[in-house]
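Okay, input_35.txt is below, compact mmCIF, C-alpha atoms:
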# COMPACT_ATOMS: atom_id res chain seq x y z
CA MET A 1 -21.66 -6.96 -94.30
CA GLU A 2 -23.25 -5.29 -91.35
CA PRO A 3 -24.81 -8.52 -89.90
CA ILE A 4 -21.37 -10.13 -89.91
CA ILE A 5 -19.90 -7.23 -87.91
CA ILE A 6 -22.71 -7.41 -85.39
CA VAL A 7 -22.19 -11.16 -84.96
CA LEU A 8 -18.45 -10.63 -84.45
CA ILE A 9 -19.09 -7.99 -81.83
CA ILE A 10 -21.49 -10.31 -80.02
CA LEU A 11 -18.93 -13.12 -80.10
CA VAL A 12 -16.21 -10.85 -78.69
CA VAL A 13 -18.47 -9.78 -75.86
CA LEU A 14 -19.40 -13.38 -75.08
CA VAL A 15 -15.73 -14.40 -75.08
CA PHE A 16 -14.88 -11.52 -72.77
CA ILE A 17 -17.70 -12.48 -70.38
CA ALA A 18 -16.64 -16.12 -70.52
CA LEU A 19 -13.07 -15.14 -69.63
CA MET A 20 -14.37 -13.01 -66.80
CA LYS A 21 -16.32 -15.95 -65.41
CA THR A 22 -13.54 -18.43 -66.01
CA VAL A 23 -10.80 -16.58 -64.10
CA GLN A 24 -11.56 -15.99 -60.41
CA VAL A 25 -9.13 -14.09 -58.17
CA ILE A 26 -9.59 -14.76 -54.46
CA PRO A 27 -7.98 -12.29 -52.00
CA GLN A 28 -5.68 -13.43 -49.22
CA ALA A 29 -7.41 -14.75 -46.05
CA SER A 30 -10.60 -15.37 -48.00
CA ALA A 31 -12.38 -18.37 -49.49
CA ALA A 32 -15.15 -18.90 -52.05
CA ILE A 33 -17.70 -21.68 -52.36
CA VAL A 34 -18.20 -23.04 -55.91
CA GLU A 35 -21.44 -24.75 -56.92
CA ARG A 36 -22.15 -26.60 -60.16
CA PHE A 37 -25.82 -26.70 -61.02
CA GLY A 38 -26.60 -25.82 -57.40
CA ARG A 39 -24.40 -28.50 -55.84
CA TYR A 40 -21.25 -27.88 -53.84
CA THR A 41 -18.18 -28.61 -55.93
CA ARG A 42 -15.12 -27.17 -54.22
CA THR A 43 -13.72 -24.30 -52.18
CA LEU A 44 -11.53 -21.73 -53.87
CA ASN A 45 -8.55 -20.59 -51.87
CA ALA A 46 -6.58 -17.35 -52.17
CA GLY A 47 -5.00 -16.67 -55.58
CA LEU A 48 -5.92 -17.25 -59.25
CA ASN A 49 -8.55 -19.94 -59.85
CA ILE A 50 -10.17 -21.31 -63.03
CA VAL A 51 -13.82 -22.33 -63.14
CA VAL A 52 -16.16 -23.48 -65.88
CA PRO A 53 -18.12 -20.48 -67.09
CA PHE A 54 -21.92 -20.58 -67.09
CA ILE A 55 -21.74 -23.95 -65.26
CA ASP A 56 -19.85 -23.19 -62.05
CA SER A 57 -21.04 -20.31 -59.93
CA ILE A 58 -19.65 -18.59 -56.79
CA ARG A 59 -22.11 -19.23 -53.97
CA ASN A 60 -20.46 -17.34 -51.12
CA ARG A 61 -17.25 -15.47 -50.32
CA ILE A 62 -16.13 -15.83 -46.71
CA ASP A 63 -13.57 -13.82 -44.78
CA LEU A 64 -11.24 -16.15 -42.88
CA ARG A 65 -9.80 -13.49 -40.60
CA GLU A 66 -10.73 -13.24 -36.92
CA GLN A 67 -13.91 -11.26 -36.49
CA VAL A 68 -15.18 -9.18 -33.57
CA VAL A 69 -18.92 -8.98 -32.99
CA PRO A 70 -20.45 -6.96 -30.11
CA PHE A 71 -23.88 -8.02 -28.95
CA PRO A 72 -26.43 -5.62 -27.43
CA PRO A 73 -27.18 -5.75 -23.67
CA GLN A 74 -29.18 -8.77 -22.64
CA PRO A 75 -31.29 -8.93 -19.44
CA VAL A 76 -30.23 -11.85 -17.25
CA ILE A 77 -31.70 -12.92 -13.89
CA THR A 78 -29.26 -13.87 -11.13
CA GLN A 79 -29.76 -16.52 -8.45
CA ASP A 80 -31.01 -13.90 -5.98
CA ASN A 81 -33.70 -12.74 -8.47
CA LEU A 82 -32.02 -9.55 -9.64
CA VAL A 83 -32.08 -8.49 -13.28
CA VAL A 84 -28.75 -7.38 -14.72
CA ASN A 85 -27.93 -6.24 -18.25
CA ILE A 86 -24.80 -7.81 -19.72
CA ASP A 87 -22.94 -6.68 -22.85
CA THR A 88 -20.81 -9.34 -24.55
CA VAL A 89 -18.15 -9.28 -27.23
CA ILE A 90 -17.32 -12.41 -29.28
CA TYR A 91 -14.02 -13.01 -31.10
CA TYR A 92 -14.47 -15.81 -33.66
CA GLN A 93 -12.85 -17.12 -36.81
CA VAL A 94 -14.16 -19.23 -39.70
CA THR A 95 -12.07 -22.36 -40.08
CA ASP A 96 -14.25 -24.27 -42.57
CA ALA A 97 -15.94 -22.21 -45.27
CA ARG A 98 -18.08 -25.10 -46.51
CA ALA A 99 -19.47 -25.87 -43.02
CA ALA A 100 -20.09 -22.18 -42.31
CA THR A 101 -22.08 -21.99 -45.54
CA TYR A 102 -24.12 -25.19 -45.42
CA GLU A 103 -24.31 -26.24 -41.73
CA VAL A 104 -26.05 -23.11 -40.46
CA ALA A 105 -28.16 -20.49 -42.18
CA SER A 106 -26.62 -17.47 -40.37
CA TYR A 107 -23.75 -18.26 -38.02
CA ILE A 108 -23.68 -14.70 -36.62
CA GLN A 109 -27.29 -14.92 -35.47
CA ALA A 110 -26.75 -18.45 -34.23
CA ILE A 111 -23.73 -17.39 -32.13
CA GLU A 112 -25.69 -14.47 -30.66
CA GLN A 113 -28.62 -16.59 -29.57
CA LEU A 114 -26.36 -19.31 -28.23
CA THR A 115 -24.44 -16.69 -26.24
CA VAL A 116 -27.65 -15.33 -24.69
CA THR A 117 -28.99 -18.71 -23.65
CA THR A 118 -25.63 -19.91 -22.29
CA LEU A 119 -25.13 -16.66 -20.39
CA ARG A 120 -28.53 -17.00 -18.73
CA ASN A 121 -27.71 -20.53 -17.63
CA ILE A 122 -24.39 -19.48 -16.13
CA ILE A 123 -25.62 -16.30 -14.41
CA GLY A 124 -28.72 -18.09 -13.12
CA GLY A 125 -26.49 -20.13 -10.80
CA MET A 126 -24.68 -17.10 -9.32
CA ASP A 127 -25.74 -14.31 -7.02
CA LEU A 128 -25.12 -10.65 -7.84
CA GLU A 129 -21.92 -10.29 -5.85
CA ARG A 130 -20.35 -13.34 -7.43
CA THR A 131 -21.51 -12.22 -10.87
CA LEU A 132 -19.75 -8.88 -10.46
CA THR A 133 -16.50 -10.45 -9.25
CA SER A 134 -16.30 -13.58 -11.44
CA ARG A 135 -15.86 -12.23 -14.95
CA GLU A 136 -12.97 -14.55 -15.77
CA GLU A 137 -14.97 -17.56 -14.62
CA ILE A 138 -17.99 -16.50 -16.70
CA ASN A 139 -15.82 -15.83 -19.77
CA ALA A 140 -14.16 -19.24 -19.56
CA ALA A 141 -17.45 -21.10 -19.11
CA LEU A 142 -19.12 -19.17 -21.94
CA ARG A 143 -16.19 -19.71 -24.29
CA GLY A 144 -16.14 -23.46 -23.61
CA VAL A 145 -19.84 -23.87 -24.43
CA LEU A 146 -19.67 -21.70 -27.56
CA ASP A 147 -16.52 -23.33 -28.89
CA GLU A 148 -18.03 -26.79 -28.51
CA ALA A 149 -21.34 -25.81 -30.15
CA THR A 150 -19.86 -23.84 -33.06
CA GLY A 151 -17.21 -26.42 -33.96
CA LYS A 152 -19.58 -28.27 -36.29
CA TRP A 153 -20.39 -24.95 -38.02
CA GLY A 154 -16.77 -24.42 -38.98
CA ILE A 155 -16.42 -21.62 -36.43
CA ARG A 156 -13.79 -21.31 -33.71
CA VAL A 157 -14.59 -18.98 -30.81
CA ASN A 158 -11.29 -17.52 -29.61
CA ARG A 159 -12.44 -15.21 -26.84
CA VAL A 160 -15.59 -14.12 -25.07
CA GLU A 161 -15.55 -10.90 -23.03
CA LEU A 162 -18.19 -9.37 -20.79
CA LYS A 163 -18.01 -5.72 -21.72
CA ALA A 164 -20.36 -4.44 -19.02
CA ILE A 165 -22.52 -5.77 -16.19
CA GLU A 166 -25.18 -3.27 -15.14
CA PRO A 167 -27.21 -4.08 -12.01
CA PRO A 168 -30.51 -2.28 -11.27
CA THR A 169 -30.41 1.40 -10.28
CA SER A 170 -31.48 0.73 -6.70
CA ILE A 171 -28.73 -1.85 -6.30
CA GLN A 172 -26.20 0.58 -7.74
CA ASP A 173 -27.24 3.23 -5.18
CA SER A 174 -26.90 0.71 -2.34
CA MET A 175 -23.48 -0.36 -3.61
CA GLU A 176 -22.32 3.25 -3.83
CA LYS A 177 -23.48 3.90 -0.25
CA GLN A 178 -21.69 0.78 0.96
CA MET A 179 -18.50 1.76 -0.84
CA ARG A 180 -18.71 5.28 0.58
CA ALA A 181 -19.20 3.86 4.10
CA ASP A 182 -16.19 1.57 3.64
CA ARG A 183 -14.04 4.48 2.47
CA ASP A 184 -15.15 6.60 5.45
CA LYS A 185 -14.36 3.72 7.78
CA ARG A 186 -10.89 3.27 6.31
CA ALA A 187 -10.27 7.03 6.53
CA ALA A 188 -11.32 7.08 10.20
CA ILE A 189 -9.06 4.10 10.95
CA LEU A 190 -6.11 5.74 9.21
CA THR A 191 -6.74 9.01 11.09
CA ALA A 192 -6.87 7.17 14.43
CA GLU A 193 -3.69 5.28 13.58
CA GLY A 194 -1.98 8.54 12.70
CA ILE A 195 -3.04 10.19 15.98
CA ARG A 196 -1.94 7.10 17.95
CA GLN A 197 1.43 7.04 16.22
CA SER A 198 1.87 10.75 16.83
CA GLN A 199 1.11 10.35 20.55
CA ILE A 200 3.52 7.42 20.80
CA LEU A 201 6.29 9.41 19.14
CA THR A 202 5.58 12.42 21.38
CA ALA A 203 5.71 10.23 24.50
CA GLU A 204 8.94 8.63 23.32
CA GLY A 205 10.43 12.06 22.72
CA GLU A 206 9.42 13.28 26.18
CA LYS A 207 10.82 10.10 27.72
CA GLN A 208 14.15 10.50 25.97
CA SER A 209 14.24 14.18 26.92
CA ALA A 210 13.56 13.35 30.59
CA ILE A 211 16.26 10.66 30.55
CA LEU A 212 18.79 13.01 29.00
CA ARG A 213 17.82 15.78 31.45
CA ALA A 214 18.21 13.39 34.42
CA GLU A 215 21.56 12.20 33.13
CA GLY A 216 22.69 15.79 32.73
CA GLU A 217 21.58 16.69 36.24
CA ALA A 218 23.29 13.58 37.66
CA LYS A 219 26.53 14.43 35.89
CA ALA A 220 26.27 18.06 37.07
CA ALA A 221 25.65 16.93 40.67
CA ALA A 222 28.59 14.55 40.44
CA LEU A 223 30.81 17.34 39.13
CA ARG A 224 29.63 19.70 41.88
CA ALA A 225 30.25 17.07 44.55
CA GLU A 226 33.67 16.39 43.10
CA GLY A 227 34.41 20.12 43.13
CA GLU A 228 33.27 20.51 46.73
CA ALA A 229 35.30 17.45 47.75
CA GLN A 230 38.34 18.94 46.03
CA ALA A 231 37.76 22.26 47.82
CA ILE A 232 37.44 20.52 51.21
CA ARG A 233 40.54 18.52 50.47
CA THR A 234 42.43 21.68 49.58
CA VAL A 235 41.28 23.49 52.75
CA PHE A 236 42.15 20.49 54.90
CA GLU A 237 45.59 20.22 53.37
CA SER A 238 46.10 23.96 53.85
CA ILE A 239 45.14 23.71 57.53
CA HIS A 240 47.53 20.87 58.12
CA ALA A 241 50.26 22.62 56.22
CA GLY A 242 49.80 25.78 58.35
CA ASP A 243 49.73 23.75 61.61
CA ALA A 244 46.75 25.69 63.03
CA ASP A 245 46.33 25.46 66.81
CA GLU A 246 43.13 24.86 68.73
CA LYS A 247 42.50 28.55 69.38
CA LEU A 248 42.44 29.42 65.69
CA LEU A 249 40.12 26.52 64.95
CA SER A 250 37.80 27.62 67.77
CA TYR A 251 37.69 31.14 66.37
CA GLN A 252 36.85 29.87 62.86
CA TYR A 253 34.16 27.63 64.39
CA LEU A 254 32.48 30.63 66.01
CA GLN A 255 32.62 32.59 62.76
CA MET A 256 30.72 29.84 60.95
CA LEU A 257 27.84 29.78 63.48
CA PRO A 258 26.01 32.85 62.07
CA LYS A 259 26.17 31.41 58.57
CA ILE A 260 24.63 28.19 59.79
CA ALA A 261 21.69 30.14 61.25
CA GLU A 262 21.05 32.12 58.06
CA GLY A 263 17.88 31.54 56.06
CA ASP A 264 14.17 31.89 56.79
CA ALA A 265 13.62 28.17 56.62
CA ASN A 266 15.99 27.40 59.47
CA LYS A 267 13.60 27.12 62.45
CA LEU A 268 15.70 24.72 64.51
CA TRP A 269 19.40 23.97 64.46
CA ILE A 270 21.45 21.71 66.72
CA VAL A 271 24.68 22.84 68.39
CA PRO A 272 27.35 20.13 68.33
CA SER A 273 29.06 19.06 71.57
CA GLU A 274 32.44 20.31 70.35
CA ILE A 275 31.26 23.93 70.61
CA GLY A 276 31.79 23.86 74.39
CA ASP A 277 35.44 23.01 73.99
CA ALA A 278 35.75 25.75 71.41
CA LEU A 279 34.24 28.34 73.73
CA LYS A 280 36.54 27.24 76.59
CA GLY A 281 39.58 27.56 74.41
CA LEU A 282 38.47 30.91 73.11
CA SER A 283 37.70 32.26 76.65
CA GLY A 284 41.12 31.13 77.84
CA ALA A 285 42.74 32.95 74.99
CA VAL A 286 40.79 36.12 75.73
CA GLY A 287 41.67 35.84 79.47
CA ASN A 288 45.35 35.61 78.75
CA PHE A 289 45.35 38.65 76.51
CA GLY A 290 42.91 40.69 78.66
CA PRO A 291 45.30 41.96 81.50
CA MET A 292 47.97 42.75 78.96
CA ALA A 293 45.59 44.92 77.10
CA GLY A 294 44.10 46.61 80.25
CA GLY A 295 47.17 47.90 82.25
CA GLY A 296 50.18 45.95 81.31
CA GLY A 297 50.08 43.95 84.64
CA SER A 298 51.27 40.43 84.90
CA ALA A 299 48.99 37.51 84.43
CA PRO A 300 47.46 36.03 87.60
CA ALA A 301 49.20 33.00 88.92
CA ALA A 302 47.55 29.69 88.58
CA PRO A 303 46.21 28.23 91.77
CA ALA A 304 48.48 25.75 93.49
CA SER A 305 45.84 23.14 93.76
CA SER A 306 45.14 23.10 89.99
CA ALA A 307 46.67 20.12 88.25
CA PRO A 308 48.20 20.54 84.85
CA LYS A 309 45.82 19.59 82.07
CA THR A 310 46.80 17.04 79.56
CA PRO A 311 46.31 18.45 76.10
CA ALA A 312 43.60 16.77 74.12
CA PRO A 313 44.85 14.52 71.41
CA ARG A 314 44.71 16.11 67.98
CA ARG A 315 42.22 14.41 65.67
CA GLU A 316 43.08 14.57 62.05
CA GLN A 317 40.48 14.11 59.42
CA PRO A 318 41.42 11.61 56.80
CA PRO A 319 41.84 13.11 53.37
CA LEU A 320 38.90 12.86 51.04
CA ASP A 321 39.46 10.80 48.00
What is this file in structure tokens?
Amino acid sequence: MEPIIIVLIILVVLVFIALMKTVQVIPQASAAIVERFGRYTRTLNAGLNIVVPFIDSIRNRIDLREQVVPFPPQPVITQDNLVVNIDTVIYYQVTDARAATYEVASYIQAIEQLTVTTLRNIIGGMDLERTLTSREEINAALRGVLDEATGKWGIRVNRVELKAIEPPTSIQDSMEKQMRADRDKRAAILTAEGIRQSQILTAEGEKQSAILRAEGEAKAAALRAEGEAQAIRTVFESIHAGDADEKLLSYQYLQMLPKIAEGDANKLWIVPSEIGDALKGLSGAVGNFGPMAGGGGSAPAAPASSAPKTPAPRREQPPLD
């Protein structure tokens, strides 16, 4: 009885193992390579799959999602014989699981070595300055070469990025000095431009101030002249309205003479010709009033031979506008 139970247990275990090997569940975005007696049979896609137990075997399970692989820094020589270290990052995706399994032994190592050799060919035709400023050009060239070479391996290279480009330490120091000199130059130029603009604005302000000051002085002088003209016009009209005679005008003329001579700067002043007529008129007026003031006698008679004088014509000054 006991041998029968042992045989039954062994059969149950074998059936369970056979079921385990018969049913294969493949996750989403994955694929499995099936071999029968060591020969490729088919590729299992995502989902539930049935295989022949103990005859079919799973050779490889491949992830079909996009993968990111960073490669360590690689020394590369530029066209001007400078060694730079370049870090690269590859974005790839397996499109054919069978080709990725049988066409190349290790596609990751193959992509890395192909990247290094292609990068050396590309950088070898560029100088350092172009290498540092042409990342997009290098990425595009590297991606084109890798995508063409890895197509037969069932690999599609989506992107290639240069993560870092490190020139030698001496070159980095020289570049830093050059950048510092350029920044100092730009700062000096901006400072000079600021000073120049400030001086221009100051000069413009002084110019506008001088123009406004001159305009104010001109308007003030015009107002003063207009006021003086109005005063002269008023005095002239008052004189004509009062009908002043020649004696009064002569007396006012003499009163103005001391005012004309006032001031330390007046070294020489010219007496007009009309002052003689004024003095004659004034002396005649004083002579007429002199005897009356001294004793009340009558005025001396005019000599018979003296001819009567024709009064001078009265000159009127035209009114000022």
Excluding Ala31 of chain A and residues on its chain fewer than 5 positions from it, collect all residues at most 9 Å away from it, counting all atoms listed in the file, and give them as a PDB file with C-alpha atoms, keeping the file's coordinate frame.
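Generated file (result03.pdb):
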ATOM      1  CA  ILE A  26      -9.590 -14.760 -54.460  1.00  0.00           C
ATOM      2  CA  THR A  43     -13.720 -24.300 -52.180  1.00  0.00           C
ATOM      3  CA  LEU A  44     -11.530 -21.730 -53.870  1.00  0.00           C
ATOM      4  CA  ASN A  45      -8.550 -20.590 -51.870  1.00  0.00           C
ATOM      5  CA  ALA A  46      -6.580 -17.350 -52.170  1.00  0.00           C
ATOM      6  CA  ASN A  60     -20.460 -17.340 -51.120  1.00  0.00           C
ATOM      7  CA  ARG A  61     -17.250 -15.470 -50.320  1.00  0.00           C
ATOM      8  CA  ILE A  62     -16.130 -15.830 -46.710  1.00  0.00           C
ATOM      9  CA  ASP A  63     -13.570 -13.820 -44.780  1.00  0.00           C
ATOM     10  CA  LEU A  64     -11.240 -16.150 -42.880  1.00  0.00           C
ATOM     11  CA  ALA A  97     -15.940 -22.210 -45.270  1.00  0.00           C
TER      12      ALA A  97
END
Selected residue, from A:Asp173, A:Asp147, A:Glu193, A:Glu112, that lies nearest to Val69 of chain A when counting all atoms listed in the file: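 Ranking A:Asp173, A:Asp147, A:Glu193, A:Glu112 by distance to Val69 of chain A, first place goes to A:Glu112.
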Distance criterion (only C-alpha atoms): nearest to Ile165 of chain A out of A:Val68, A:Val76, A:Ala210, A:Ile189: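 When distances to Ile165 of chain A are compared using only C-alpha atoms, the smallest one comes from A:Val76.
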Residue nearest Thr88 of chain A among A:Val104, A:Lys163, A:Gly154, A:Ser198 (counting all atoms listed in the file):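 Residue with the minimum atom-to-atom distance to Thr88 of chain A: A:Lys163.
The spacing separating atom CA of Val83 of chain A from atom CA of Asn139 of chain A amounts to 19.0 Å.
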At a cut-off of 12 Å from (-23.1, -17.9, -12.2) in the coordinates of the file, what residues are picked up using only C-alpha atoms, written as a JSON list (two decimals) with C-alpha atoms, keeping the file's coordinate frame?
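The resulting file, selection07.json, is reproduced below:
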[["chain", "number", "residue", "atom", "x", "y", "z"],
["A", 76, "VAL", "CA", -30.23, -11.85, -17.25],
["A", 77, "ILE", "CA", -31.70, -12.92, -13.89],
["A", 78, "THR", "CA", -29.26, -13.87, -11.13],
["A", 79, "GLN", "CA", -29.76, -16.52, -8.45],
["A", 80, "ASP", "CA", -31.01, -13.90, -5.98],
["A", 118, "THR", "CA", -25.63, -19.91, -22.29],
["A", 119, "LEU", "CA", -25.13, -16.66, -20.39],
["A", 120, "ARG", "CA", -28.53, -17.00, -18.73],
["A", 121, "ASN", "CA", -27.71, -20.53, -17.63],
["A", 122, "ILE", "CA", -24.39, -19.48, -16.13],
["A", 123, "ILE", "CA", -25.62, -16.30, -14.41],
["A", 124, "GLY", "CA", -28.72, -18.09, -13.12],
["A", 125, "GLY", "CA", -26.49, -20.13, -10.80],
["A", 126, "MET", "CA", -24.68, -17.10, -9.32],
["A", 127, "ASP", "CA", -25.74, -14.31, -7.02],
["A", 128, "LEU", "CA", -25.12, -10.65, -7.84],
["A", 129, "GLU", "CA", -21.92, -10.29, -5.85],
["A", 130, "ARG", "CA", -20.35, -13.34, -7.43],
["A", 131, "THR", "CA", -21.51, -12.22, -10.87],
["A", 132, "LEU", "CA", -19.75, -8.88, -10.46],
["A", 133, "THR", "CA", -16.50, -10.45, -9.25],
["A", 134, "SER", "CA", -16.30, -13.58, -11.44],
["A", 135, "ARG", "CA", -15.86, -12.23, -14.95],
["A", 136, "GLU", "CA", -12.97, -14.55, -15.77],
["A", 137, "GLU", "CA", -14.97, -17.56, -14.62],
["A", 138, "ILE", "CA", -17.99, -16.50, -16.70],
["A", 139, "ASN", "CA", -15.82, -15.83, -19.77],
["A", 140, "ALA", "CA", -14.16, -19.24, -19.56],
["A", 141, "ALA", "CA", -17.45, -21.10, -19.11],
["A", 142, "LEU", "CA", -19.12, -19.17, -21.94]]
Atom CA of Gly227 of chain A to atom CA of Gln208 of chain A, straight-line distance in Å: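 Going from atom CA of Gln208 of chain A over to atom CA of Gly227 of chain A covers 28.2 Å.
For the pair atom CA of Pro27 of chain A and atom CA of Leu48 of chain A, the separation is 9.0 Å.
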Need the axis-aligned box for segment 154-160 of chain A with 4 Å each side, so what are the centre and edges in Å to one decimal, as lines of an AutoDock Vina configuration file?
center_x = -14.0
center_y = -19.3
center_z = -32.0
size_x = 13.5
size_y = 18.3
size_z = 21.9
Nearest to Arg65 of chain A, chosen from A:Asn81, A:Gln93, A:Thr150, A:Thr117, with all atoms listed in the file counted in the distances: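 The answer is A:Gln93, which sits nearest to Arg65 of chain A.
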Closest of A:Ile108, A:Val23, A:Val89, A:Val51 to Pro72 of chain A - atom-to-atom distances counting all atoms listed in the file: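 Answer, going by the shortest atom-to-atom distance: A:Val89.
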Near-segment 168-170 of chain A list (9 Å; all atoms listed in the file; drop same-chain fewer than 2 positions) as a list in words: Leu82, Val83, Val84, Asn85, Glu166, Gln172, Asp173, Ser174 and Met175 of chain A
Take the selection from the previous step and output its residues with C-alpha atoms, as a tab-separated table (two decimals), in the coordinates of the input.
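Final output, saved to again_22.tsv:
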chain	number	residue	atom	x	y	z
A	82	LEU	CA	-32.02	-9.55	-9.64
A	83	VAL	CA	-32.08	-8.49	-13.28
A	84	VAL	CA	-28.75	-7.38	-14.72
A	85	ASN	CA	-27.93	-6.24	-18.25
A	166	GLU	CA	-25.18	-3.27	-15.14
A	172	GLN	CA	-26.20	0.58	-7.74
A	173	ASP	CA	-27.24	3.23	-5.18
A	174	SER	CA	-26.90	0.71	-2.34
A	175	MET	CA	-23.48	-0.36	-3.61
Where atoms are absent from segment 38-53 of chain A, fill them in so it carries N, CA, C and O atoms, then output it as a PDB file, in the coordinates of the input.
ATOM      1  N   GLY A  38     -26.032 -25.897 -58.748  1.00  0.00           N
ATOM      2  CA  GLY A  38     -26.600 -25.820 -57.400  1.00  0.00           C
ATOM      3  C   GLY A  38     -26.022 -26.778 -56.396  1.00  0.00           C
ATOM      4  O   GLY A  38     -26.505 -26.826 -55.251  1.00  0.00           O
ATOM      5  N   ARG A  39     -25.007 -27.536 -56.753  1.00  0.00           N
ATOM      6  CA  ARG A  39     -24.400 -28.500 -55.840  1.00  0.00           C
ATOM      7  C   ARG A  39     -22.969 -28.061 -55.533  1.00  0.00           C
ATOM      8  O   ARG A  39     -22.243 -27.597 -56.419  1.00  0.00           O
ATOM      9  N   TYR A  40     -22.600 -28.278 -54.248  1.00  0.00           N
ATOM     10  CA  TYR A  40     -21.250 -27.880 -53.840  1.00  0.00           C
ATOM     11  C   TYR A  40     -20.219 -28.693 -54.599  1.00  0.00           C
ATOM     12  O   TYR A  40     -20.312 -29.927 -54.675  1.00  0.00           O
ATOM     13  N   THR A  41     -19.241 -27.963 -55.168  1.00  0.00           N
ATOM     14  CA  THR A  41     -18.180 -28.610 -55.930  1.00  0.00           C
ATOM     15  C   THR A  41     -16.849 -28.547 -55.202  1.00  0.00           C
ATOM     16  O   THR A  41     -16.216 -29.559 -54.935  1.00  0.00           O
ATOM     17  N   ARG A  42     -16.421 -27.343 -54.864  1.00  0.00           N
ATOM     18  CA  ARG A  42     -15.120 -27.170 -54.220  1.00  0.00           C
ATOM     19  C   ARG A  42     -15.061 -25.796 -53.579  1.00  0.00           C
ATOM     20  O   ARG A  42     -15.953 -24.959 -53.779  1.00  0.00           O
ATOM     21  N   THR A  43     -13.972 -25.589 -52.850  1.00  0.00           N
ATOM     22  CA  THR A  43     -13.720 -24.300 -52.180  1.00  0.00           C
ATOM     23  C   THR A  43     -12.500 -23.667 -52.811  1.00  0.00           C
ATOM     24  O   THR A  43     -11.438 -24.312 -52.917  1.00  0.00           O
ATOM     25  N   LEU A  44     -12.651 -22.449 -53.261  1.00  0.00           N
ATOM     26  CA  LEU A  44     -11.530 -21.730 -53.870  1.00  0.00           C
ATOM     27  C   LEU A  44     -10.742 -21.009 -52.782  1.00  0.00           C
ATOM     28  O   LEU A  44     -11.311 -20.292 -51.951  1.00  0.00           O
ATOM     29  N   ASN A  45      -9.437 -21.245 -52.822  1.00  0.00           N
ATOM     30  CA  ASN A  45      -8.550 -20.590 -51.870  1.00  0.00           C
ATOM     31  C   ASN A  45      -7.973 -19.310 -52.475  1.00  0.00           C
ATOM     32  O   ASN A  45      -8.260 -18.953 -53.620  1.00  0.00           O
ATOM     33  N   ALA A  46      -7.127 -18.639 -51.721  1.00  0.00           N
ATOM     34  CA  ALA A  46      -6.580 -17.350 -52.170  1.00  0.00           C
ATOM     35  C   ALA A  46      -5.686 -17.560 -53.393  1.00  0.00           C
ATOM     36  O   ALA A  46      -4.937 -18.531 -53.486  1.00  0.00           O
ATOM     37  N   GLY A  47      -5.809 -16.620 -54.367  1.00  0.00           N
ATOM     38  CA  GLY A  47      -5.000 -16.670 -55.580  1.00  0.00           C
ATOM     39  C   GLY A  47      -5.862 -16.730 -56.828  1.00  0.00           C
ATOM     40  O   GLY A  47      -7.060 -16.408 -56.802  1.00  0.00           O
ATOM     41  N   LEU A  48      -5.237 -17.153 -57.958  1.00  0.00           N
ATOM     42  CA  LEU A  48      -5.920 -17.250 -59.250  1.00  0.00           C
ATOM     43  C   LEU A  48      -6.530 -18.639 -59.391  1.00  0.00           C
ATOM     44  O   LEU A  48      -5.850 -19.646 -59.245  1.00  0.00           O
ATOM     45  N   ASN A  49      -7.831 -18.678 -59.714  1.00  0.00           N
ATOM     46  CA  ASN A  49      -8.550 -19.940 -59.850  1.00  0.00           C
ATOM     47  C   ASN A  49      -9.331 -19.925 -61.167  1.00  0.00           C
ATOM     48  O   ASN A  49      -9.813 -18.878 -61.608  1.00  0.00           O
ATOM     49  N   ILE A  50      -9.452 -21.137 -61.772  1.00  0.00           N
ATOM     50  CA  ILE A  50     -10.170 -21.310 -63.030  1.00  0.00           C
ATOM     51  C   ILE A  50     -11.424 -22.145 -62.778  1.00  0.00           C
ATOM     52  O   ILE A  50     -11.362 -23.218 -62.164  1.00  0.00           O
ATOM     53  N   VAL A  51     -12.554 -21.624 -63.253  1.00  0.00           N
ATOM     54  CA  VAL A  51     -13.820 -22.330 -63.140  1.00  0.00           C
ATOM     55  C   VAL A  51     -14.461 -22.433 -64.531  1.00  0.00           C
ATOM     56  O   VAL A  51     -14.062 -21.728 -65.468  1.00  0.00           O
ATOM     57  N   VAL A  52     -15.446 -23.310 -64.606  1.00  0.00           N
ATOM     58  CA  VAL A  52     -16.160 -23.480 -65.880  1.00  0.00           C
ATOM     59  C   VAL A  52     -17.228 -22.391 -65.975  1.00  0.00           C
ATOM     60  O   VAL A  52     -18.109 -22.321 -65.120  1.00  0.00           O
ATOM     61  N   PRO A  53     -17.131 -21.559 -66.995  1.00  0.00           N
ATOM     62  CA  PRO A  53     -18.120 -20.480 -67.090  1.00  0.00           C
ATOM     63  C   PRO A  53     -19.522 -21.008 -67.413  1.00  0.00           C
ATOM     64  O   PRO A  53     -19.680 -22.034 -68.083  1.00  0.00           O
TER      65      PRO A  53
END
